[in-house]
$ cat final04.csv   # CSV, C-alpha atoms
chain,number,residue,atom,x,y,z
A,1,MET,CA,28.1,10.1,16.7
A,2,ALA,CA,28.0,6.6,15.1
A,3,GLY,CA,24.5,5.7,14.1
A,4,TYR,CA,23.4,9.3,13.5
A,5,GLN,CA,21.6,9.3,10.2
A,6,VAL,CA,21.8,12.5,8.3
A,7,HIS,CA,19.4,11.6,5.5
A,8,PRO,CA,15.7,10.8,5.7
A,9,TRP,CA,15.7,7.6,3.7
A,10,HIS,CA,15.2,4.1,5.0
A,11,LEU,CA,18.1,1.9,4.0
A,12,VAL,CA,16.7,-1.5,4.9
A,13,GLU,CA,18.7,-4.0,7.0
A,14,PRO,CA,19.6,-7.3,5.3
A,15,SER,CA,16.6,-9.5,5.0
A,16,PRO,CA,16.0,-13.1,4.0
A,17,TRP,CA,12.5,-12.5,2.7
A,18,PRO,CA,13.3,-11.5,-0.9
A,19,LEU,CA,15.3,-14.7,-1.5
A,20,VAL,CA,12.7,-16.8,0.4
A,21,GLY,CA,9.9,-15.2,-1.5
A,22,GLY,CA,11.7,-15.8,-4.9
A,23,SER,CA,12.2,-19.4,-4.0
A,24,ALA,CA,8.6,-19.7,-2.8
A,25,ALA,CA,7.3,-18.2,-6.1
A,26,PHE,CA,9.5,-20.7,-8.0
A,27,THR,CA,8.2,-23.6,-6.0
A,28,LEU,CA,4.7,-22.4,-6.6
A,29,THR,CA,5.1,-22.2,-10.4
A,30,VAL,CA,6.8,-25.6,-10.6
A,31,GLY,CA,4.0,-26.9,-8.3
A,32,LEU,CA,1.5,-25.6,-10.8
A,33,VAL,CA,3.2,-27.5,-13.6
A,34,MET,CA,3.3,-30.6,-11.5
A,35,TRP,CA,-0.4,-30.3,-10.8
A,36,PHE,CA,-1.4,-29.6,-14.4
A,37,HIS,CA,0.6,-32.3,-15.9
A,38,TYR,CA,1.7,-34.9,-13.3
A,39,ASN,CA,-1.3,-35.0,-10.9
A,40,SER,CA,0.8,-34.0,-7.9
A,41,THR,CA,-0.1,-31.2,-5.5
A,42,VAL,CA,2.8,-31.5,-3.0
A,43,LEU,CA,4.9,-28.7,-4.5
A,44,LEU,CA,1.9,-26.5,-5.1
A,45,VAL,CA,0.8,-26.6,-1.5
A,46,LEU,CA,4.3,-26.1,-0.3
A,47,GLY,CA,4.8,-23.2,-2.7
A,48,LEU,CA,1.5,-21.6,-1.5
A,49,MET,CA,2.4,-21.9,2.1
A,50,LEU,CA,5.9,-20.5,1.6
A,51,VAL,CA,4.5,-17.5,-0.3
A,52,VAL,CA,2.0,-16.8,2.5
A,53,VAL,CA,4.7,-17.2,5.1
A,54,THR,CA,7.0,-14.9,3.2
A,55,MET,CA,4.3,-12.2,3.0
A,56,VAL,CA,3.5,-12.4,6.7
A,57,GLN,CA,7.1,-12.1,7.7
A,58,TRP,CA,8.1,-9.4,5.2
A,59,TRP,CA,5.1,-7.2,6.0
A,60,ARG,CA,5.5,-7.9,9.7
A,61,ASP,CA,9.0,-6.5,9.3
A,62,VAL,CA,7.8,-3.4,7.5
A,63,ILE,CA,5.4,-2.8,10.4
A,64,ARG,CA,8.2,-3.2,12.9
A,65,GLU,CA,10.4,-0.8,11.0
A,66,ALA,CA,7.7,1.8,10.5
A,67,THR,CA,5.5,1.7,13.6
A,68,PHE,CA,8.0,0.5,16.2
A,69,GLN,CA,11.3,1.9,14.9
A,70,GLY,CA,10.1,5.1,13.3
A,71,CYS,CA,11.9,4.6,10.0
A,72,HIS,CA,9.1,6.1,7.9
A,73,THR,CA,9.8,9.8,7.5
A,74,SER,CA,7.8,12.0,5.3
A,75,TYR,CA,10.2,11.2,2.4
A,76,VAL,CA,9.8,7.5,2.9
A,77,LEU,CA,6.0,7.9,3.0
A,78,ALA,CA,6.1,9.8,-0.3
A,79,GLY,CA,8.0,7.0,-1.9
A,80,LEU,CA,5.5,4.4,-0.6
A,81,ARG,CA,2.6,6.5,-2.0
A,82,ARG,CA,4.2,6.5,-5.4
A,83,GLY,CA,4.9,2.8,-5.2
A,84,MET,CA,1.3,2.0,-4.3
A,85,VAL,CA,0.0,4.2,-7.1
A,86,LEU,CA,2.3,2.5,-9.6
A,87,PHE,CA,1.3,-1.0,-8.4
A,88,ILE,CA,-2.4,-0.1,-8.8
A,89,ILE,CA,-1.8,1.2,-12.3
A,90,SER,CA,-0.1,-2.1,-13.1
A,91,GLU,CA,-3.2,-3.9,-11.9
A,92,VAL,CA,-5.3,-1.7,-14.1
A,93,PHE,CA,-3.4,-2.8,-17.1
A,94,PHE,CA,-3.8,-6.4,-15.9
A,95,PHE,CA,-7.6,-6.1,-16.0
A,96,LEU,CA,-7.4,-4.1,-19.2
A,97,ALA,CA,-6.1,-7.2,-20.9
A,98,PHE,CA,-9.1,-9.2,-19.9
A,99,PHE,CA,-11.5,-6.5,-20.9
A,100,TRP,CA,-9.8,-6.4,-24.3
A,101,ALA,CA,-10.2,-10.1,-24.6
A,102,PHE,CA,-13.9,-9.8,-23.7
A,103,PHE,CA,-14.6,-7.0,-26.3
A,104,HIS,CA,-12.5,-8.7,-28.9
A,105,SER,CA,-14.9,-11.7,-28.8
A,106,SER,CA,-18.2,-9.9,-28.0
A,107,LEU,CA,-18.1,-7.0,-30.4
A,108,ALA,CA,-17.8,-9.2,-33.5
A,109,PRO,CA,-19.2,-12.6,-32.5
A,110,THR,CA,-18.1,-15.3,-34.9
A,111,VAL,CA,-20.2,-17.7,-36.9
A,112,GLU,CA,-19.4,-20.5,-34.4
A,113,LEU,CA,-21.2,-18.5,-31.7
A,114,GLY,CA,-24.1,-17.8,-33.9
A,115,VAL,CA,-23.0,-14.3,-34.8
A,116,THR,CA,-24.6,-13.1,-31.6
A,117,TRP,CA,-23.6,-12.2,-28.1
A,118,PRO,CA,-24.3,-13.8,-25.7
A,119,PRO,CA,-23.6,-16.8,-27.9
A,120,VAL,CA,-26.4,-19.2,-28.9
A,121,GLY,CA,-27.1,-21.6,-26.0
A,122,ILE,CA,-25.7,-19.3,-23.3
A,123,HIS,CA,-28.1,-18.1,-20.7
A,124,PRO,CA,-26.4,-15.2,-19.0
A,125,LEU,CA,-27.0,-14.4,-15.3
A,126,ASN,CA,-29.7,-11.8,-14.7
A,127,ALA,CA,-27.7,-8.6,-14.3
A,128,PHE,CA,-30.5,-7.1,-12.1
A,129,ALA,CA,-30.5,-9.9,-9.5
A,130,VAL,CA,-27.4,-10.9,-7.4
A,131,PRO,CA,-24.9,-8.8,-9.6
A,132,LEU,CA,-26.9,-5.7,-8.8
A,133,LEU,CA,-26.8,-6.5,-5.1
A,134,ASN,CA,-23.1,-7.1,-5.4
A,135,THR,CA,-22.8,-3.6,-6.9
A,136,ALA,CA,-24.7,-2.1,-4.0
A,137,VAL,CA,-22.5,-4.1,-1.6
A,138,LEU,CA,-19.2,-2.9,-3.0
A,139,LEU,CA,-20.4,0.7,-3.5
A,140,SER,CA,-21.5,0.8,0.2
A,141,SER,CA,-18.1,-0.7,1.2
A,142,GLY,CA,-16.5,2.2,-0.6
A,143,VAL,CA,-18.5,4.6,1.6
A,144,THR,CA,-17.7,2.7,4.8
A,145,VAL,CA,-14.0,2.6,4.2
A,146,THR,CA,-14.0,6.4,3.5
A,147,TRP,CA,-16.0,6.8,6.7
A,148,ALA,CA,-13.4,4.8,8.6
A,149,HIS,CA,-10.7,7.0,7.2
A,150,HIS,CA,-12.3,10.2,8.3
A,151,ALA,CA,-13.0,8.8,11.7
A,152,LEU,CA,-9.4,7.8,12.0
A,153,MET,CA,-8.2,11.3,10.9
A,154,GLU,CA,-10.6,12.8,13.5
A,155,GLY,CA,-9.2,10.7,16.2
A,156,LYS,CA,-12.4,8.7,16.8
A,157,ARG,CA,-11.2,5.2,17.6
A,158,MET,CA,-14.4,3.2,18.0
A,159,GLU,CA,-16.0,4.8,15.0
A,160,ALA,CA,-13.0,3.9,12.8
A,161,ILE,CA,-13.1,0.3,14.1
A,162,GLN,CA,-16.9,0.1,13.4
A,163,ALA,CA,-16.7,1.5,9.9
A,164,LEU,CA,-13.7,-0.7,9.1
A,165,MET,CA,-15.7,-3.7,10.4
A,166,PHE,CA,-18.6,-2.8,8.2
A,167,THR,CA,-16.2,-2.6,5.2
A,168,VAL,CA,-14.7,-6.0,5.9
A,169,MET,CA,-18.2,-7.6,6.4
A,170,LEU,CA,-19.4,-6.1,3.1
A,171,GLY,CA,-16.3,-7.4,1.4
A,172,LEU,CA,-16.9,-10.9,2.8
A,173,TYR,CA,-20.6,-10.7,1.9
A,174,PHE,CA,-19.6,-9.9,-1.7
A,175,THR,CA,-17.3,-12.9,-1.8
A,176,ALA,CA,-20.0,-15.2,-0.4
A,177,LEU,CA,-22.6,-13.9,-2.9
A,178,GLN,CA,-20.2,-14.3,-5.8
A,179,ALA,CA,-19.2,-17.8,-4.7
A,180,TRP,CA,-22.9,-18.8,-4.6
A,181,GLU,CA,-23.4,-17.3,-8.1
A,182,TYR,CA,-20.5,-19.3,-9.4
A,183,TYR,CA,-21.9,-22.4,-7.9
A,184,GLU,CA,-25.4,-21.8,-9.3
A,185,ALA,CA,-24.4,-20.5,-12.7
A,186,PRO,CA,-25.9,-22.4,-15.7
A,187,PHE,CA,-22.6,-22.1,-17.6
A,188,THR,CA,-19.0,-22.9,-16.9
A,189,ILE,CA,-15.5,-21.7,-17.8
A,190,ALA,CA,-15.5,-24.4,-20.4
A,191,ASP,CA,-18.5,-23.0,-22.3
A,192,GLY,CA,-16.7,-21.4,-25.2
A,193,VAL,CA,-15.3,-17.9,-25.2
A,194,TYR,CA,-18.3,-16.6,-23.2
A,195,GLY,CA,-17.4,-18.8,-20.3
A,196,SER,CA,-13.7,-18.1,-20.6
A,197,THR,CA,-14.0,-14.3,-20.7
A,198,PHE,CA,-16.7,-14.3,-18.0
A,199,PHE,CA,-15.0,-16.5,-15.4
A,200,VAL,CA,-11.4,-15.3,-16.0
A,201,ALA,CA,-12.4,-11.6,-15.7
A,202,THR,CA,-14.8,-12.0,-12.7
A,203,GLY,CA,-12.6,-14.7,-11.2
A,204,PHE,CA,-9.5,-12.5,-11.1
A,205,HIS,CA,-11.7,-9.7,-9.7
A,206,GLY,CA,-13.0,-12.0,-7.0
A,207,LEU,CA,-9.4,-12.9,-6.1
A,208,HIS,CA,-8.6,-9.2,-5.8
A,209,VAL,CA,-11.6,-8.7,-3.5
A,210,ILE,CA,-10.2,-11.5,-1.3
A,211,ILE,CA,-6.8,-9.8,-1.4
A,212,GLY,CA,-8.3,-6.4,-0.6
A,213,SER,CA,-10.4,-7.9,2.2
A,214,THR,CA,-7.4,-9.5,3.7
A,215,PHE,CA,-5.5,-6.2,3.6
A,216,LEU,CA,-8.4,-4.4,5.3
A,217,ILE,CA,-8.6,-7.1,8.0
A,218,VAL,CA,-4.9,-6.5,8.7
A,219,CYS,CA,-5.7,-2.8,8.9
A,220,LEU,CA,-8.6,-3.5,11.3
A,221,GLY,CA,-6.3,-5.5,13.6
A,222,ARG,CA,-3.6,-2.8,13.5
A,223,GLN,CA,-6.2,-0.2,14.4
A,224,VAL,CA,-7.4,-2.2,17.3
A,225,VAL,CA,-3.8,-2.5,18.7
A,226,TYR,CA,-3.2,1.3,18.3
A,227,HIS,CA,-0.7,1.2,15.5
A,228,TYR,CA,-2.2,4.1,13.6
A,229,THR,CA,-2.1,7.8,14.5
A,230,SER,CA,-4.5,10.3,13.3
A,231,SER,CA,-2.0,11.7,10.8
A,232,HIS,CA,0.2,8.7,10.0
A,233,HIS,CA,-1.7,5.6,8.8
A,234,PHE,CA,-0.4,4.9,5.3
A,235,GLY,CA,-1.1,1.2,5.5
A,236,PHE,CA,-4.7,2.0,5.9
A,237,GLU,CA,-4.7,4.5,3.1
A,238,ALA,CA,-3.0,2.0,0.8
A,239,ALA,CA,-5.7,-0.6,1.6
A,240,ALA,CA,-8.4,2.0,1.0
A,241,TRP,CA,-7.0,2.9,-2.4
A,242,TYR,CA,-6.8,-0.7,-3.3
A,243,TRP,CA,-10.3,-1.3,-2.2
A,244,HIS,CA,-11.6,1.6,-4.3
A,245,PHE,CA,-9.7,0.2,-7.3
A,246,VAL,CA,-11.4,-3.2,-6.8
A,247,ASP,CA,-14.8,-1.4,-6.6
A,248,VAL,CA,-14.1,0.5,-9.8
A,249,VAL,CA,-13.1,-2.8,-11.6
A,250,TRP,CA,-16.4,-4.3,-10.5
A,251,LEU,CA,-18.3,-1.4,-11.9
A,252,PHE,CA,-16.7,-1.9,-15.3
A,253,LEU,CA,-17.3,-5.6,-15.1
A,254,TYR,CA,-20.9,-5.1,-14.2
A,255,VAL,CA,-21.6,-2.6,-16.9
A,256,CYS,CA,-19.6,-4.3,-19.7
A,257,ILE,CA,-20.0,-8.1,-19.0
A,258,TYR,CA,-23.0,-8.5,-16.9
A,259,TRP,CA,-25.2,-5.8,-18.3
A,260,TRP,CA,-24.1,-5.0,-21.9
A,261,GLY,CA,-22.9,-8.5,-22.3
A,262,SER,CA,-26.3,-10.0,-21.7
B,1,MET,CA,-31.4,-12.6,11.6
B,2,ALA,CA,-28.4,-14.8,12.1
B,3,SER,CA,-26.1,-12.2,10.5
B,4,ARG,CA,-27.3,-9.6,13.0
B,5,LEU,CA,-26.5,-12.0,15.8
B,6,LEU,CA,-23.1,-12.7,14.2
B,7,CYS,CA,-22.5,-8.9,13.9
B,8,ARG,CA,-23.3,-8.4,17.6
B,9,GLN,CA,-21.0,-11.3,18.6
B,10,ILE,CA,-18.1,-10.0,16.5
B,11,PHE,CA,-18.6,-6.5,17.7
B,12,SER,CA,-18.8,-7.4,21.4
B,13,SER,CA,-15.6,-9.5,21.2
B,14,VAL,CA,-13.9,-6.5,19.5
B,15,ARG,CA,-15.1,-4.3,22.3
B,16,ARG,CA,-13.7,-6.6,24.9
B,17,ALA,CA,-10.4,-6.7,23.2
B,18,VAL,CA,-10.3,-3.0,23.1
B,19,VAL,CA,-9.0,-1.0,26.1
B,20,PRO,CA,-11.4,1.8,26.9
B,21,PRO,CA,-9.8,5.1,26.0
B,22,ALA,CA,-9.9,6.5,29.6
B,23,ALA,CA,-7.7,3.7,30.9
B,24,THR,CA,-4.7,4.8,28.9
B,25,GLY,CA,-4.8,8.3,30.3
B,26,VAL,CA,-3.1,10.1,27.5
B,27,ARG,CA,-4.6,13.4,26.4
B,28,HIS,CA,-5.7,12.6,22.8
B,29,MET,CA,-6.4,9.0,23.6
B,30,ALA,CA,-8.8,10.0,26.4
B,31,VAL,CA,-10.6,12.2,24.0
B,32,GLY,CA,-11.1,10.0,20.9
B,33,GLY,CA,-8.9,7.0,21.4
B,34,VAL,CA,-6.6,7.4,18.4
B,35,PRO,CA,-3.0,8.4,19.2
B,36,THR,CA,-1.4,11.4,17.6
B,37,ASP,CA,2.1,11.5,16.1
B,38,ASP,CA,3.2,13.7,19.0
B,39,GLU,CA,2.3,10.9,21.4
B,40,GLN,CA,3.5,7.9,19.4
B,41,ALA,CA,6.1,8.8,16.8
B,42,THR,CA,9.6,7.3,17.4
B,43,GLY,CA,13.0,7.1,15.8
B,44,LEU,CA,13.8,9.1,12.7
B,45,GLU,CA,10.2,10.0,12.2
B,46,LYS,CA,10.1,11.6,15.6
B,47,ARG,CA,13.3,13.4,14.9
B,48,GLU,CA,11.7,14.9,11.7
B,49,LEU,CA,8.6,15.8,13.7
B,50,ASP,CA,10.7,17.5,16.5
B,51,ALA,CA,12.7,19.4,14.0
B,52,LYS,CA,9.5,20.6,12.3
B,53,LYS,CA,8.1,21.7,15.7
B,54,ALA,CA,11.3,23.5,16.5
B,55,GLY,CA,11.0,25.5,13.3
B,56,ILE,CA,14.1,23.9,11.7
B,57,ALA,CA,13.6,24.0,8.0
B,58,ASP,CA,15.1,21.2,6.0
B,59,PRO,CA,16.5,19.0,8.9
B,60,PHE,CA,17.9,16.4,6.4
B,61,SER,CA,19.6,18.9,4.2
B,62,MET,CA,17.5,18.0,1.1
B,63,GLU,CA,17.4,21.5,-0.3
B,64,ILE,CA,20.2,23.3,-2.1
B,65,ASN,CA,22.0,25.3,0.5
B,66,THR,CA,24.4,28.1,-0.1
B,67,THR,CA,25.7,30.9,2.0
B,68,PRO,CA,26.7,33.6,-0.4
B,69,PRO,CA,29.0,35.0,-1.6
B,70,GLY,CA,31.3,32.0,-1.6
B,71,THR,CA,34.5,33.9,-2.0
B,72,ARG,CA,37.9,33.1,-0.4
B,73,ASP,CA,37.4,35.6,2.4
B,74,SER,CA,33.7,34.7,2.8
B,75,PRO,CA,33.4,31.0,1.8
B,76,CYS,CA,30.1,29.1,1.6
B,77,MET,CA,29.7,27.6,5.1
B,78,VAL,CA,28.9,23.9,5.0
B,79,PRO,CA,27.8,22.4,8.3
B,80,SER,CA,28.8,18.8,9.1
B,81,ILE,CA,28.9,16.5,12.1
B,82,TYR,CA,31.8,14.6,10.7
B,83,GLU,CA,35.4,15.6,9.6
B,84,ARG,CA,34.5,15.7,5.9
B,85,ARG,CA,31.4,16.1,3.8
B,86,LEU,CA,30.5,15.6,0.1
B,87,VAL,CA,29.7,19.0,-1.5
B,88,GLY,CA,28.2,19.4,-4.9
B,89,CYS,CA,28.9,22.7,-6.6
B,90,VAL,CA,26.5,24.0,-9.3
B,91,CYS,CA,29.1,26.1,-10.9
B,92,GLU,CA,26.7,28.3,-12.9
B,93,GLU,CA,22.9,28.5,-12.8
B,94,ASP,CA,22.3,26.5,-16.0
B,95,ALA,CA,25.2,24.1,-15.5
B,96,THR,CA,24.4,20.6,-16.8
B,97,TYR,CA,26.5,18.8,-14.2
B,98,ILE,CA,27.3,19.0,-10.5
B,99,GLN,CA,31.0,19.2,-9.5
B,100,TRP,CA,31.3,16.9,-6.5
B,101,MET,CA,34.1,17.1,-4.0
B,102,TRP,CA,35.0,16.0,-0.5
B,103,LEU,CA,35.2,19.0,1.8
B,104,GLU,CA,37.7,18.4,4.5
B,105,LYS,CA,37.9,20.0,7.9
B,106,GLY,CA,40.3,22.9,8.0
B,107,ASP,CA,40.9,25.7,5.5
B,108,ALA,CA,38.4,26.7,2.9
B,109,GLN,CA,38.6,24.7,-0.3
B,110,ARG,CA,38.0,26.0,-3.9
B,111,CYS,CA,36.0,24.5,-6.6
B,112,GLU,CA,37.5,24.7,-10.1
B,113,CYS,CA,34.9,27.3,-11.0
B,114,GLY,CA,36.1,29.7,-8.2
B,115,HIS,CA,33.5,29.0,-5.5
B,116,TRP,CA,35.0,28.6,-2.0
B,117,PHE,CA,33.6,26.2,0.7
B,118,GLN,CA,34.5,25.7,4.3
B,119,LEU,CA,33.4,22.9,6.6
B,120,GLN,CA,31.7,24.1,9.7
B,121,GLY,CA,31.6,21.6,12.6
B,122,VAL,CA,28.3,21.2,14.2
B,123,THR,CA,26.9,18.8,16.8
B,124,PRO,CA,23.7,16.9,16.0
B,125,PRO,CA,20.8,18.2,18.0
B,126,GLY,CA,20.2,16.2,21.2
B,127,ALA,CA,23.4,14.2,20.7
B,128,ALA,CA,25.6,16.0,23.2
B,129,GLU,CA,27.0,12.7,24.5
B,130,ALA,CA,29.0,10.6,22.0
B,131,HIS,CA,27.5,7.2,21.1
B,132,HIS,CA,30.0,4.7,19.9

$ encode --input "final04.csv" --output "structure tokens"
Amino acid sequence: MAGYQVHPWHLVEPSPWPLVGGSAAFTLTVGLVMWFHYNSTVLLVLGLMLVVVTMVQWWRDVIREATFQGCHTSYVLAGLRRGMVLFIISEVFFFLAFFWAFFHSSLAPTVELGVTWPPVGIHPLNAFAVPLLNTAVLLSSGVTVTWAHHALMEGKRMEAIQALMFTVMLGLYFTALQAWEYYEAPFTIADGVYGSTFFVATGFHGLHVIIGSTFLIVCLGRQVVYHYTSSHHFGFEAAAWYWHFVDVVWLFLYVCIYWWGS
Amino acid sequence: MASRLLCRQIFSSVRRAVVPPAATGVRHMAVGGVPTDDEQATGLEKRELDAKKAGIADPFSMEINTTPPGTRDSPCMVPSIYERRLVGCVCEEDATYIQWMWLEKGDAQRCECGHWFQLQGVTPPGAAEAHH
């Protein structure tokens, strides 16, 4: 009777990744300091690689424990759902800070800006050009990811793969468009508080799009190799939630910064 | 134009990497290609699923369990696959604490409040042979 587990929880086996990950994060932050102040990128690159390698191995282990060992009972899944919700809420607060900063400066523009927003000399991007296309792209990707989810629940493999592919392609398209906009923009991050608020808010959003796209690409790969069942596919659901969150943040960015802010 | 070509290229390579549903030969897979939990669940998850299918409510003993009346002659039966089990007595309905105790194999044991418990040996389902 040894090894018969009477409770439904998953008590994880000892793992090196938390310690490796902590060391990696430390290396990364010290690497940032070295880059900012001492013109050296060695530690930064090393830290980044260690962080990526930690993520790959840690989440690979989660997949092994869940899909191949069956450790994720309904109770474990409930905990994972709550965890993802709390994480996304924390990200909401993260963006809230940058929106606060934007409104702080834009609602009462100072005399140095010319008492106007956008500030004197700033030519904002046309909200009805590429940003509007980007809005359409992300909204469509929200539709395709929901389509993929329904296909998955209905047991339709190829449809799920196709819809997920469309979602990923739309996400990559957004990133490409935004990168091009950044390159072509007539103002930079150094252009006063307008540049700061614009590029920090949209920049972090872009980073989250890349993170979300990466998550979805992993889901696509797992779907191709039959990891998901029609009723148990929480990794996919978590990715979809995250993707919708990214979409909603963009909508706020678009309305507040691109549209109202011009 | 180029993007459409790229799409077709990506899509056809995915198609080649994908085993056609019929080749796997499993019922749900042959229909739509997505496995079901019935076909693919393993480990503890499968145990939970099997218990649910067998109609066993609360296979992990997560709910409050009591077999009344809990008197000395008719104690509350506490099933266990081991020789002892932790029991928490909620002495009265609005008690603000749980009285925890180890319930040993043998005679019925009494909580300080007067409730009686007795360990009932059971074998885990499907574990007829001992694994050591």

$ interface_residues --input "final04.csv" --of "chain A" --to "chain B" --cutoff "10 Å" --atoms "all atoms listed in the file" --output "PyMOL selection string"
chain A and resi 1-10+65-76+151-162+165-166+169+221+223-232

$ residues_around --input "final04.csv" --residues "range 38-50 of chain A" --least-positions-apart "6" --cutoff "6 Å" --atoms "all atoms listed in the file" --output "list in words"
Ala24, Thr27, Leu28, Gly31 and Leu32 of chain A

$ axis_aligned_box --input "final04.csv" --around "range 132-137 of chain A" --padding-each-side "4 Å" --output "JSON"
{"center_x": -24.7, "center_y": -4.6, "center_z": -5.2, "size_x": 12.4, "size_y": 13.0, "size_z": 15.2}

$ residues_around --input "final04.csv" --residues "Glu92 in chain B" --least-positions-apart "2" --cutoff "12 Å" --atoms "all atoms listed in the file" --output "list in words"
Cys89, Val90, Asp94, Ala95, Thr96, Tyr97, Ile98, Gln99, Cys111, Glu112, Cys113, Gly114 and His115 of chain B

$ residues_around --input "final04.csv" --residues "range 74-77 of chain B" --least-positions-apart "2" --cutoff "12 Å" --atoms "all atoms listed in the file" --output "count of residues only"
31

$ residues_around --input "final04.csv" --residues "Trp17 in chain A" --least-positions-apart "4" --cutoff "8 Å" --atoms "all atoms listed in the file" --output "list in words"
Gly21, Thr54, Gln57 and Trp58 of chain A

$ closest_residue --input "final04.csv" --among "A:Gly114, A:Pro131, A:Pro119, A:Gly22" --to "Val255 in chain A" --atoms "all atoms listed in the file"
A:Pro131

$ atom_distance --input "final04.csv" --atom1 "CA of Leu96 in chain A" --atom2 "CA of Phe252 in chain A"
10.3 Å

$ closest_residue --input "final04.csv" --among "A:Ile257, A:Leu86, A:Ile122, A:Val20" --to "Pro186 in chain A" --atoms "only C-alpha atoms"
A:Ile122
